[in-house]
>>> print(open('coords_15.txt').read())   # compact mmCIF, C-alpha atoms
# COMPACT_ATOMS: atom_id res chain seq x y z
CA MET A 1 -35.20 53.66 -23.70
CA PRO A 2 -31.49 53.54 -24.61
CA GLY A 3 -30.68 53.63 -20.88
CA GLY A 4 -33.01 50.71 -20.27
CA LEU A 5 -31.43 48.77 -23.14
CA VAL A 6 -27.94 49.42 -21.76
CA ALA A 7 -29.06 48.28 -18.32
CA LEU A 8 -30.57 45.14 -19.83
CA LEU A 9 -27.36 44.41 -21.73
CA ASP A 10 -25.39 44.92 -18.52
CA ASP A 11 -27.65 42.45 -16.73
CA VAL A 12 -27.24 39.92 -19.56
CA ALA A 13 -23.46 40.37 -19.45
CA ALA A 14 -23.44 39.90 -15.67
CA LEU A 15 -25.53 36.74 -15.98
CA ALA A 16 -23.21 35.46 -18.71
CA LYS A 17 -20.17 36.06 -16.48
CA LEU A 18 -21.92 34.31 -13.59
CA ALA A 19 -22.80 31.35 -15.80
CA ALA A 20 -19.23 31.17 -17.12
CA ALA A 21 -17.88 31.26 -13.57
CA SER A 22 -20.29 28.49 -12.57
CA VAL A 23 -19.18 26.38 -15.52
CA ASP A 24 -15.54 26.98 -14.53
CA ASP A 25 -16.34 26.00 -10.93
CA VAL A 26 -18.06 22.82 -12.07
CA ALA A 27 -15.21 21.94 -14.44
CA ALA A 28 -12.56 22.56 -11.79
CA ALA A 29 -14.51 20.59 -9.18
CA ALA A 30 -15.12 17.72 -11.60
CA GLY A 31 -11.43 17.65 -12.46
CA ARG A 32 -10.37 17.45 -8.81
CA ALA A 33 -12.92 14.78 -8.03
CA GLY A 34 -12.13 12.72 -11.12
CA VAL A 35 -8.40 12.66 -10.41
CA LYS A 36 -9.02 11.48 -6.84
CA ALA A 37 -11.11 8.58 -8.12
CA ALA A 38 -8.50 7.51 -10.70
CA GLY A 39 -7.59 4.32 -8.84
CA VAL A 40 -11.12 2.95 -9.02
CA VAL A 41 -11.35 4.04 -12.68
CA ILE A 42 -8.29 1.90 -13.45
CA ASP A 43 -9.97 -0.97 -11.63
CA ASP A 44 -13.20 -0.50 -13.60
CA THR A 45 -11.33 -0.44 -16.91
CA ALA A 46 -9.31 -3.54 -16.04
CA VAL A 47 -12.25 -5.59 -14.76
CA THR A 48 -14.80 -5.00 -17.55
CA PRO A 49 -13.16 -6.76 -20.57
CA ARG A 50 -13.58 -10.17 -18.96
CA TYR A 51 -17.36 -9.89 -19.35
CA VAL A 52 -17.15 -10.28 -23.14
CA VAL A 53 -14.93 -13.37 -23.02
CA GLY A 54 -16.60 -16.30 -24.79
CA LEU A 55 -19.13 -14.12 -26.61
CA SER A 56 -19.56 -13.61 -30.34
CA PRO A 57 -17.14 -10.93 -31.64
CA ASP A 58 -19.95 -9.10 -33.43
CA ARG A 59 -21.77 -8.71 -30.09
CA GLU A 60 -18.79 -7.34 -28.13
CA LEU A 61 -19.38 -3.64 -28.78
CA PRO A 62 -23.19 -3.83 -28.37
CA ILE A 63 -22.67 -5.59 -25.04
CA ILE A 64 -20.16 -2.98 -23.90
CA GLY A 65 -22.70 -0.34 -24.95
CA LYS A 66 -25.36 -2.00 -22.78
CA ILE A 67 -22.98 -2.13 -19.82
CA ALA A 68 -22.04 1.53 -20.33
CA ILE A 69 -25.70 2.57 -20.36
CA GLY A 70 -26.32 0.54 -17.21
CA SER A 71 -23.27 2.13 -15.59
CA LEU A 72 -24.46 5.63 -16.44
CA ARG A 73 -27.94 4.80 -15.13
CA ASN A 74 -26.38 3.54 -11.89
CA LYS A 75 -24.39 6.73 -11.45
CA LEU A 76 -26.97 9.36 -12.44
CA LEU A 77 -30.30 7.88 -11.33
CA ILE A 78 -29.34 5.98 -8.18
CA ILE A 79 -25.92 6.82 -6.78
CA LEU A 80 -25.89 10.58 -7.45
CA PRO A 81 -29.19 11.37 -5.66
CA VAL A 82 -28.34 9.05 -2.77
CA ALA A 83 -24.84 10.53 -2.42
CA LEU A 84 -26.15 14.10 -2.40
CA ALA A 85 -28.88 13.23 0.10
CA LEU A 86 -26.36 11.59 2.41
CA SER A 87 -23.95 14.52 2.16
CA ALA A 88 -26.77 16.91 3.09
CA LEU A 89 -28.66 14.86 5.70
CA ALA A 90 -26.15 12.36 7.09
CA PRO A 91 -22.60 13.30 6.09
CA TRP A 92 -21.28 11.07 8.88
CA ALA A 93 -22.52 8.05 6.91
CA VAL A 94 -20.38 8.67 3.82
CA THR A 95 -17.10 7.37 5.30
CA PRO A 96 -18.60 4.16 6.80
CA LEU A 97 -20.32 3.40 3.49
CA LEU A 98 -17.05 4.03 1.67
CA MET A 99 -15.30 1.64 4.04
CA ILE A 100 -17.96 -1.02 3.46
CA GLY A 101 -17.43 -0.63 -0.27
CA GLY A 102 -13.67 -0.76 0.22
CA ALA A 103 -13.99 -3.96 2.23
CA TYR A 104 -16.12 -5.43 -0.56
CA LEU A 105 -13.42 -4.61 -3.11
CA CYS A 106 -10.84 -6.29 -0.86
CA PHE A 107 -13.10 -9.34 -0.58
CA GLU A 108 -13.58 -9.52 -4.36
CA ALA A 109 -9.83 -9.35 -4.94
CA ALA A 110 -9.03 -11.91 -2.23
CA GLU A 111 -11.76 -14.22 -3.60
CA LYS A 112 -10.20 -14.06 -7.07
CA ILE A 113 -6.75 -14.79 -5.64
CA TRP A 114 -8.17 -17.73 -3.67
CA GLU A 115 -9.88 -19.10 -6.78
CA ALA A 116 -6.63 -18.81 -8.75
CA LEU A 117 -4.65 -20.62 -6.04
CA SER A 118 -7.26 -23.32 -5.42
CA GLY A 119 -8.24 -23.83 -9.07
CA ASN A 120 -11.92 -23.04 -8.48
CA HIS A 121 -12.67 -20.54 -11.27
CA HIS A 122 -16.39 -20.04 -10.69
CA ALA A 123 -16.56 -16.99 -12.97
CA GLU A 124 -15.44 -19.02 -15.98
CA GLU A 125 -18.41 -21.42 -15.67
CA VAL A 126 -20.67 -18.78 -17.19
CA THR A 127 -19.15 -19.46 -20.61
CA THR A 128 -20.68 -22.98 -20.61
CA ILE A 129 -24.18 -21.53 -21.10
CA GLU A 130 -25.31 -22.63 -24.56
CA ASP A 131 -28.02 -20.03 -25.26
CA PRO A 132 -26.21 -16.93 -26.62
CA ALA A 133 -28.99 -14.58 -25.51
CA ALA A 134 -28.99 -15.99 -21.98
CA LEU A 135 -25.20 -15.79 -21.81
CA GLU A 136 -25.24 -12.19 -23.03
CA ALA A 137 -27.95 -11.20 -20.56
CA ARG A 138 -26.10 -12.84 -17.68
CA GLN A 139 -22.78 -11.21 -18.59
CA VAL A 140 -24.35 -7.76 -18.91
CA SER A 141 -26.20 -8.19 -15.61
CA GLY A 142 -23.05 -9.32 -13.80
CA ALA A 143 -21.00 -6.48 -15.26
CA ILE A 144 -23.58 -3.88 -14.23
CA ARG A 145 -23.70 -5.29 -10.68
CA THR A 146 -19.93 -5.10 -10.36
CA ASP A 147 -19.94 -1.66 -11.94
CA PHE A 148 -22.48 -0.47 -9.36
CA ILE A 149 -20.00 -1.08 -6.54
CA LEU A 150 -17.15 0.56 -8.43
CA SER A 151 -19.36 3.47 -9.53
CA ALA A 152 -20.51 4.02 -5.95
CA GLU A 153 -16.85 4.19 -4.88
CA ILE A 154 -16.05 6.63 -7.69
CA MET A 155 -18.97 8.91 -6.85
CA ALA A 156 -18.37 8.77 -3.08
CA ILE A 157 -14.67 9.51 -3.47
CA SER A 158 -15.52 12.34 -5.86
CA LEU A 159 -18.12 13.74 -3.46
CA ALA A 160 -15.57 13.77 -0.65
CA GLU A 161 -13.50 16.21 -2.73
CA LEU A 162 -16.40 18.69 -3.00
CA PRO A 163 -17.26 19.59 0.60
CA ASN A 164 -17.56 23.38 0.40
CA LEU A 165 -19.55 23.83 -2.79
CA SER A 166 -23.24 24.52 -3.26
CA LEU A 167 -25.63 21.62 -3.77
CA MET A 168 -26.17 22.47 -7.44
CA THR A 169 -22.45 22.81 -8.14
CA ARG A 170 -21.76 19.48 -6.46
CA ALA A 171 -24.57 17.83 -8.42
CA ALA A 172 -23.31 19.25 -11.71
CA ALA A 173 -19.71 18.30 -10.93
CA LEU A 174 -20.68 14.74 -9.99
CA ALA A 175 -22.81 14.40 -13.12
CA ALA A 176 -19.86 15.61 -15.21
CA VAL A 177 -17.57 13.09 -13.48
CA ALA A 178 -20.13 10.31 -14.09
CA VAL A 179 -20.46 11.04 -17.80
CA ALA A 180 -16.74 11.62 -18.41
CA ILE A 181 -15.59 8.54 -16.50
CA THR A 182 -18.22 6.28 -18.07
CA ALA A 183 -17.34 7.48 -21.57
CA GLY A 184 -13.61 7.15 -20.87
CA VAL A 185 -13.77 3.72 -19.25
CA TYR A 186 -16.04 2.06 -21.79
CA GLY A 187 -14.40 3.82 -24.72
CA VAL A 188 -11.07 2.32 -23.67
CA VAL A 189 -12.70 -1.06 -23.01
CA GLY A 190 -14.25 -1.00 -26.49
CA ILE A 191 -10.85 -0.35 -28.06
CA ILE A 192 -9.23 -3.09 -25.99
CA VAL A 193 -11.73 -5.82 -26.88
CA LYS A 194 -11.63 -4.95 -30.59
CA MET A 195 -7.85 -4.65 -30.75
CA ASP A 196 -7.51 -8.15 -32.17
CA ASP A 197 -9.95 -7.27 -34.98
CA ILE A 198 -7.92 -4.15 -35.69
CA GLY A 199 -4.82 -6.36 -35.77
CA LEU A 200 -6.43 -8.78 -38.24
CA HIS A 201 -7.39 -5.86 -40.48
CA LEU A 202 -3.86 -4.46 -40.41
CA SER A 203 -2.31 -7.89 -41.06
CA ARG A 204 -4.09 -7.99 -44.43
CA ARG A 205 -2.82 -4.61 -45.58
CA ALA A 206 -0.23 -4.28 -48.34
CA SER A 207 2.21 -2.38 -46.15
CA SER A 208 4.76 -4.59 -44.42
CA ALA A 209 4.77 -2.26 -41.40
CA ALA A 210 0.98 -2.58 -41.11
CA ARG A 211 1.18 -6.38 -41.37
CA ILE A 212 3.87 -6.57 -38.69
CA THR A 213 1.85 -4.28 -36.42
CA GLY A 214 -1.31 -6.29 -37.03
CA ARG A 215 0.32 -9.61 -36.24
CA ALA A 216 1.85 -8.12 -33.10
CA LEU A 217 -1.59 -6.92 -31.97
CA VAL A 218 -3.18 -10.32 -32.61
CA ARG A 219 -0.43 -12.12 -30.70
CA GLY A 220 -0.33 -9.54 -27.92
CA MET A 221 -4.03 -9.31 -27.12
CA PRO A 222 -4.27 -12.52 -25.03
CA ILE A 223 -1.25 -11.32 -23.05
CA LEU A 224 -2.82 -7.88 -22.58
CA LEU A 225 -6.16 -9.31 -21.44
CA GLN A 226 -4.38 -11.60 -18.98
CA ALA A 227 -2.35 -8.66 -17.68
CA LEU A 228 -5.52 -6.58 -17.32
CA SER A 229 -7.13 -9.28 -15.19
CA HIS A 230 -4.14 -9.15 -12.83
CA ILE A 231 -4.13 -5.34 -12.85
CA GLY A 232 -7.83 -5.38 -12.02
CA VAL A 233 -7.27 -7.57 -8.97
CA ALA A 234 -4.30 -5.46 -7.86
CA ALA A 235 -6.33 -2.28 -8.30
CA MET A 236 -9.20 -3.71 -6.27
CA VAL A 237 -7.00 -4.60 -3.32
CA TRP A 238 -5.00 -1.35 -3.52
CA VAL A 239 -8.04 0.92 -3.80
CA GLY A 240 -10.03 -1.02 -1.19
CA GLY A 241 -7.15 -1.04 1.28
CA GLY A 242 -6.52 2.66 0.70
CA ILE A 243 -10.15 3.48 1.42
CA LEU A 244 -9.99 1.51 4.67
CA VAL A 245 -6.76 3.21 5.77
CA HIS A 246 -8.20 6.64 5.03
CA GLY A 247 -11.41 5.75 6.86
CA LEU A 248 -9.49 4.72 9.97
CA GLU A 249 -7.72 8.07 9.92
CA THR A 250 -11.05 9.88 9.59
CA PHE A 251 -12.35 8.10 12.70
CA GLY A 252 -9.26 9.02 14.72
CA MET A 253 -7.66 5.55 14.63
CA GLU A 254 -4.42 6.96 13.30
CA ALA A 255 -1.81 4.36 14.30
CA LEU A 256 -1.96 2.40 11.03
CA PRO A 257 -2.44 5.42 8.71
CA GLN A 258 0.47 7.24 10.38
CA ALA A 259 2.68 4.16 10.10
CA VAL A 260 1.95 3.97 6.38
CA HIS A 261 2.56 7.71 5.99
CA HIS A 262 5.86 7.65 7.88
CA LEU A 263 7.12 4.62 5.95
CA ALA A 264 6.24 6.27 2.63
CA GLU A 265 7.96 9.51 3.67
CA ALA A 266 11.08 7.70 4.88
CA SER A 267 11.27 5.72 1.64
CA ALA A 268 10.93 8.90 -0.41
CA LYS A 269 13.74 10.56 1.54
CA ALA A 270 15.96 7.53 1.01
CA LEU A 271 15.50 7.86 -2.77
CA PRO A 272 15.14 11.62 -3.35
CA ALA A 273 15.66 11.33 -7.13
CA ALA A 274 12.29 9.58 -7.41
CA GLY A 275 10.75 10.71 -4.13
CA ALA A 276 7.19 11.30 -5.28
CA ILE A 277 7.00 8.01 -7.19
CA VAL A 278 8.53 6.05 -4.31
CA GLU A 279 6.15 7.64 -1.78
CA TRP A 280 3.14 6.79 -3.95
CA LEU A 281 4.39 3.24 -4.57
CA VAL A 282 5.06 2.51 -0.89
CA THR A 283 1.63 3.92 0.06
CA ALA A 284 -0.02 1.76 -2.62
CA ILE A 285 1.85 -1.38 -1.48
CA CYS A 286 0.95 -0.77 2.17
CA SER A 287 -2.68 -0.18 1.20
CA ALA A 288 -2.65 -3.40 -0.83
CA ILE A 289 -1.27 -5.34 2.15
CA VAL A 290 -4.07 -3.97 4.34
CA GLY A 291 -6.56 -4.87 1.62
CA LEU A 292 -5.22 -8.41 1.32
CA VAL A 293 -5.43 -8.95 5.08
CA VAL A 294 -8.99 -7.62 5.32
CA GLY A 295 -10.10 -9.42 2.16
CA GLY A 296 -8.48 -12.65 3.29
CA VAL A 297 -10.27 -12.52 6.63
CA ILE A 298 -13.63 -11.95 4.92
CA VAL A 299 -13.00 -14.78 2.45
CA GLY A 300 -12.04 -17.08 5.34
CA VAL A 301 -15.23 -16.22 7.21
CA MET A 302 -17.36 -16.66 4.08
CA HIS A 303 -15.87 -20.07 3.34
CA VAL A 304 -16.57 -21.45 6.81
CA LEU A 305 -20.22 -20.33 6.83
CA PRO A 306 -22.53 -23.37 6.39
CA GLY A 307 -24.65 -21.69 3.71
CA ARG A 308 -21.61 -20.73 1.70
CA LYS A 309 -20.16 -24.25 1.87
CA HIS A 310 -23.50 -25.78 0.84
CA ALA A 311 -23.76 -23.43 -2.15
CA ALA A 312 -20.22 -24.31 -3.22
CA VAL A 313 -20.97 -28.05 -3.02
CA ASN A 314 -24.15 -27.66 -5.11
CA GLN A 315 -22.31 -25.55 -7.67
CA HIS A 316 -19.73 -28.29 -8.23
CA GLY A 317 -22.25 -31.11 -8.30
CA GLY A 318 -21.10 -32.64 -4.99
>>> encode(input="coords_15.txt", output="structure tokens")
Amino acid sequence: MPGGLVALLDDVAALAKLAAASVDDVAAAAGRAGVKAAGVVIDDTAVTPRYVVGLSPDRELPIIGKIAIGSLRNKLLIILPVALALSALAPWAVTPLLMIGGAYLCFEAAEKIWEALSGNHHAEEVTTIEDPAALEARQVSGAIRTDFILSAEIMAISLAELPNLSLMTRAAALAAVAVAITAGVYGVVGIIVKMDDIGLHLSRRASSAARITGRALVRGMPILLQALSHIGVAAMVWVGGGILVHGLETFGMEALPQAVHHLAEASAKALPAAGAIVEWLVTAICSAIVGLVVGGVIVGVMHVLPGRKHAAVNQHGG
């Protein structure tokens, strides 16, 4: 009996070690995958605050909560199973799908740049809806649609970093990435959109330092939100272009990727004191240029299509 108990305890200890190792594997894999997807995470964080513009301040956090739940549903119930199935049954399809998503991000960024240059701000027309419930529903729906594309990019990029792991470990790692990134992105977004309220609260405190800080926050929030909109567009074009460059390299079309790589390396050697930063910056700029070219071509094609032109005329009452 004692021998059997000792053997049982040994088995329990072995299982505990195996479980701990599995948890460590999942955590390490999730960490690698999450870091690789950081560019799209920045994009997601920068894009989301615009969906609460024009809405009642007391509805901002509930709306962000709805978007976060929709984002998590996208990642866990739709994208995760599809990504795992593709990696198991048709791994060749992952890169083309990534490139399609990257091209879409380039298109979105180029479309926003075109709207800014031409003065046609279609996205702002949503704030003219008079019914608050309809406006809220439309903003949440639009945010979740945009998030689906960004979430698919995050999950696909993350999956690409987990090629040699078991199916269960990959699933657990991707689920961990989904939860962590969603919580991080929408936690930061919640803080950003309520920063002016925090500033107002501080401006009414007795402490002069608190009042100065509060007034600075209230004055700085419009500037921050404007900067975030620009950062979001830049992130879209940089991430989308980078995905396209990497996809070309995967398919053996290495002329452009090698040119970008050589230019980044040469720039880093020219400024060795900040070599790593310079190499990253040059790579990002080159990726953004590729993204702008691809996005601009798609926008040009979309704007000469008869259906697109007709929709634009109807939208502006022409």
>>> residues_around(input="coords_15.txt", residues="range 269-284 of chain A", least_positions_apart="2", cutoff="10 Å", atoms="only C-alpha atoms", output="PDB file with C-alpha atoms, keeping the file's coordinate frame")
ATOM      1  CA  ALA A 234      -4.300  -5.460  -7.860  1.00  0.00           C
ATOM      2  CA  ALA A 235      -6.330  -2.280  -8.300  1.00  0.00           C
ATOM      3  CA  VAL A 237      -7.000  -4.600  -3.320  1.00  0.00           C
ATOM      4  CA  TRP A 238      -5.000  -1.350  -3.520  1.00  0.00           C
ATOM      5  CA  VAL A 239      -8.040   0.920  -3.800  1.00  0.00           C
ATOM      6  CA  GLY A 241      -7.150  -1.040   1.280  1.00  0.00           C
ATOM      7  CA  GLY A 242      -6.520   2.660   0.700  1.00  0.00           C
ATOM      8  CA  PRO A 257      -2.440   5.420   8.710  1.00  0.00           C
ATOM      9  CA  VAL A 260       1.950   3.970   6.380  1.00  0.00           C
ATOM     10  CA  HIS A 261       2.560   7.710   5.990  1.00  0.00           C
ATOM     11  CA  HIS A 262       5.860   7.650   7.880  1.00  0.00           C
ATOM     12  CA  LEU A 263       7.120   4.620   5.950  1.00  0.00           C
ATOM     13  CA  ALA A 264       6.240   6.270   2.630  1.00  0.00           C
ATOM     14  CA  GLU A 265       7.960   9.510   3.670  1.00  0.00           C
ATOM     15  CA  ALA A 266      11.080   7.700   4.880  1.00  0.00           C
ATOM     16  CA  SER A 267      11.270   5.720   1.640  1.00  0.00           C
ATOM     17  CA  CYS A 286       0.950  -0.770   2.170  1.00  0.00           C
ATOM     18  CA  SER A 287      -2.680  -0.180   1.200  1.00  0.00           C
ATOM     19  CA  ALA A 288      -2.650  -3.400  -0.830  1.00  0.00           C
ATOM     20  CA  ILE A 289      -1.270  -5.340   2.150  1.00  0.00           C
ATOM     21  CA  VAL A 290      -4.070  -3.970   4.340  1.00  0.00           C
TER      22      VAL A 290
END
>>> residues_around(input="coords_15.txt", residues="range 103-105 of chain A", least_positions_apart="3", cutoff="10 Å", atoms="all atoms listed in the file", output="ChimeraX atom specification")
/A:40,43,97-100,108-111,146,149-150,153,233,235-241,243-244,291-292,294-295,298
>>> atom_distance(input="coords_15.txt", atom1="CA of Ile223 in chain A", atom2="CA of Asp196 in chain A")
11.5 Å
>>> atom_distance(input="coords_15.txt", atom1="CA of Ala143 in chain A", atom2="CA of Pro96 in chain A")
24.6 Å
>>> closest_atom_pairs(input="coords_15.txt", of="range 76-146 of chain A", to="range 165-185 of chain A", cutoff="10 Å", atoms="all atoms listed in the file", output="tab-separated table")
residue	atom	partner	partner_atom	distance
A:Leu76	CA	A:Ala175	CA	6.6
A:Ile79	CA	A:Ala178	CA	10.0
A:Leu80	CA	A:Leu174	CA	7.1
A:Pro81	CA	A:Ala171	CA	8.4
A:Ala83	CA	A:Ala171	CA	9.5
A:Leu84	CA	A:Ala171	CA	7.3
A:Ala85	CA	A:Leu167	CA	9.8
A:Ser87	CA	A:Leu167	CA	9.4
A:Ala88	CA	A:Leu167	CA	8.4
>>> build_atoms(input="coords_15.txt", residues="range 97-123 of chain A", atoms="N, CA and C atoms", output="mmCIF file, keeping the file's coordinate frame")
data_model
loop_
_atom_site.group_PDB
_atom_site.id
_atom_site.type_symbol
_atom_site.label_atom_id
_atom_site.label_comp_id
_atom_site.auth_asym_id
_atom_site.auth_seq_id
_atom_site.Cartn_x
_atom_site.Cartn_y
_atom_site.Cartn_z
ATOM 1 N N LEU A 97 -19.877 4.058 4.722
ATOM 2 C CA LEU A 97 -20.320 3.400 3.490
ATOM 3 C C LEU A 97 -19.144 3.190 2.536
ATOM 4 N N LEU A 98 -18.252 4.192 2.477
ATOM 5 C CA LEU A 98 -17.050 4.030 1.670
ATOM 6 C C LEU A 98 -16.228 2.846 2.160
ATOM 7 N N MET A 99 -16.095 2.729 3.469
ATOM 8 C CA MET A 99 -15.300 1.640 4.040
ATOM 9 C C MET A 99 -15.941 0.281 3.766
ATOM 10 N N ILE A 100 -17.270 0.231 3.802
ATOM 11 C CA ILE A 100 -17.960 -1.020 3.460
ATOM 12 C C ILE A 100 -17.665 -1.386 2.002
ATOM 13 N N GLY A 101 -17.758 -0.383 1.130
ATOM 14 C CA GLY A 101 -17.430 -0.630 -0.270
ATOM 15 C C GLY A 101 -15.982 -1.042 -0.451
ATOM 16 N N GLY A 102 -15.079 -0.398 0.293
ATOM 17 C CA GLY A 102 -13.670 -0.760 0.220
ATOM 18 C C GLY A 102 -13.431 -2.185 0.675
ATOM 19 N N ALA A 103 -14.114 -2.583 1.748
ATOM 20 C CA ALA A 103 -13.990 -3.960 2.230
ATOM 21 C C ALA A 103 -14.521 -4.948 1.196
ATOM 22 N N TYR A 104 -15.588 -4.559 0.488
ATOM 23 C CA TYR A 104 -16.120 -5.430 -0.560
ATOM 24 C C TYR A 104 -15.112 -5.608 -1.694
ATOM 25 N N LEU A 105 -14.450 -4.514 -2.075
ATOM 26 C CA LEU A 105 -13.420 -4.610 -3.110
ATOM 27 C C LEU A 105 -12.291 -5.534 -2.660
ATOM 28 N N CYS A 106 -11.880 -5.410 -1.405
ATOM 29 C CA CYS A 106 -10.840 -6.290 -0.860
ATOM 30 C C CYS A 106 -11.290 -7.746 -0.905
ATOM 31 N N PHE A 107 -12.552 -7.987 -0.547
ATOM 32 C CA PHE A 107 -13.100 -9.340 -0.580
ATOM 33 C C PHE A 107 -13.104 -9.897 -1.997
ATOM 34 N N GLU A 108 -13.554 -9.081 -2.972
ATOM 35 C CA GLU A 108 -13.580 -9.520 -4.360
ATOM 36 C C GLU A 108 -12.194 -9.912 -4.836
ATOM 37 N N ALA A 109 -11.200 -9.069 -4.515
ATOM 38 C CA ALA A 109 -9.830 -9.350 -4.940
ATOM 39 C C ALA A 109 -9.300 -10.614 -4.272
ATOM 40 N N ALA A 110 -9.515 -10.732 -2.957
ATOM 41 C CA ALA A 110 -9.030 -11.910 -2.230
ATOM 42 C C ALA A 110 -9.724 -13.184 -2.729
ATOM 43 N N GLU A 111 -11.012 -13.072 -3.069
ATOM 44 C CA GLU A 111 -11.760 -14.220 -3.600
ATOM 45 C C GLU A 111 -11.159 -14.672 -4.930
ATOM 46 N N LYS A 112 -10.801 -13.710 -5.785
ATOM 47 C CA LYS A 112 -10.200 -14.060 -7.070
ATOM 48 C C LYS A 112 -8.825 -14.708 -6.869
ATOM 49 N N ILE A 113 -8.060 -14.197 -5.923
ATOM 50 C CA ILE A 113 -6.750 -14.790 -5.640
ATOM 51 C C ILE A 113 -6.924 -16.211 -5.099
ATOM 52 N N TRP A 114 -7.897 -16.393 -4.213
ATOM 53 C CA TRP A 114 -8.170 -17.730 -3.670
ATOM 54 C C TRP A 114 -8.582 -18.696 -4.765
ATOM 55 N N GLU A 115 -9.445 -18.247 -5.676
ATOM 56 C CA GLU A 115 -9.880 -19.100 -6.780
ATOM 57 C C GLU A 115 -8.700 -19.486 -7.664
ATOM 58 N N ALA A 116 -7.788 -18.515 -7.919
ATOM 59 C CA ALA A 116 -6.630 -18.810 -8.750
ATOM 60 C C ALA A 116 -5.711 -19.829 -8.077
ATOM 61 N N LEU A 117 -5.538 -19.712 -6.763
ATOM 62 C CA LEU A 117 -4.650 -20.620 -6.040
ATOM 63 C C LEU A 117 -5.267 -22.003 -5.856
ATOM 64 N N SER A 118 -6.594 -22.039 -5.677
ATOM 65 C CA SER A 118 -7.260 -23.320 -5.420
ATOM 66 C C SER A 118 -7.745 -24.009 -6.684
ATOM 67 N N GLY A 119 -7.778 -23.252 -7.807
ATOM 68 C CA GLY A 119 -8.240 -23.830 -9.070
ATOM 69 C C GLY A 119 -9.732 -23.804 -9.253
ATOM 70 N N ASN A 120 -10.452 -23.137 -8.365
ATOM 71 C CA ASN A 120 -11.920 -23.040 -8.480
ATOM 72 C C ASN A 120 -12.304 -21.750 -9.177
ATOM 73 N N HIS A 121 -12.368 -21.755 -10.495
ATOM 74 C CA HIS A 121 -12.670 -20.540 -11.270
ATOM 75 C C HIS A 121 -14.166 -20.485 -11.549
ATOM 76 N N HIS A 122 -14.930 -20.065 -10.538
ATOM 77 C CA HIS A 122 -16.390 -20.040 -10.690
ATOM 78 C C HIS A 122 -16.825 -19.113 -11.819
ATOM 79 N N ALA A 123 -16.127 -17.990 -11.979
ATOM 80 C CA ALA A 123 -16.560 -16.990 -12.970
ATOM 81 C C ALA A 123 -16.513 -17.542 -14.369
#
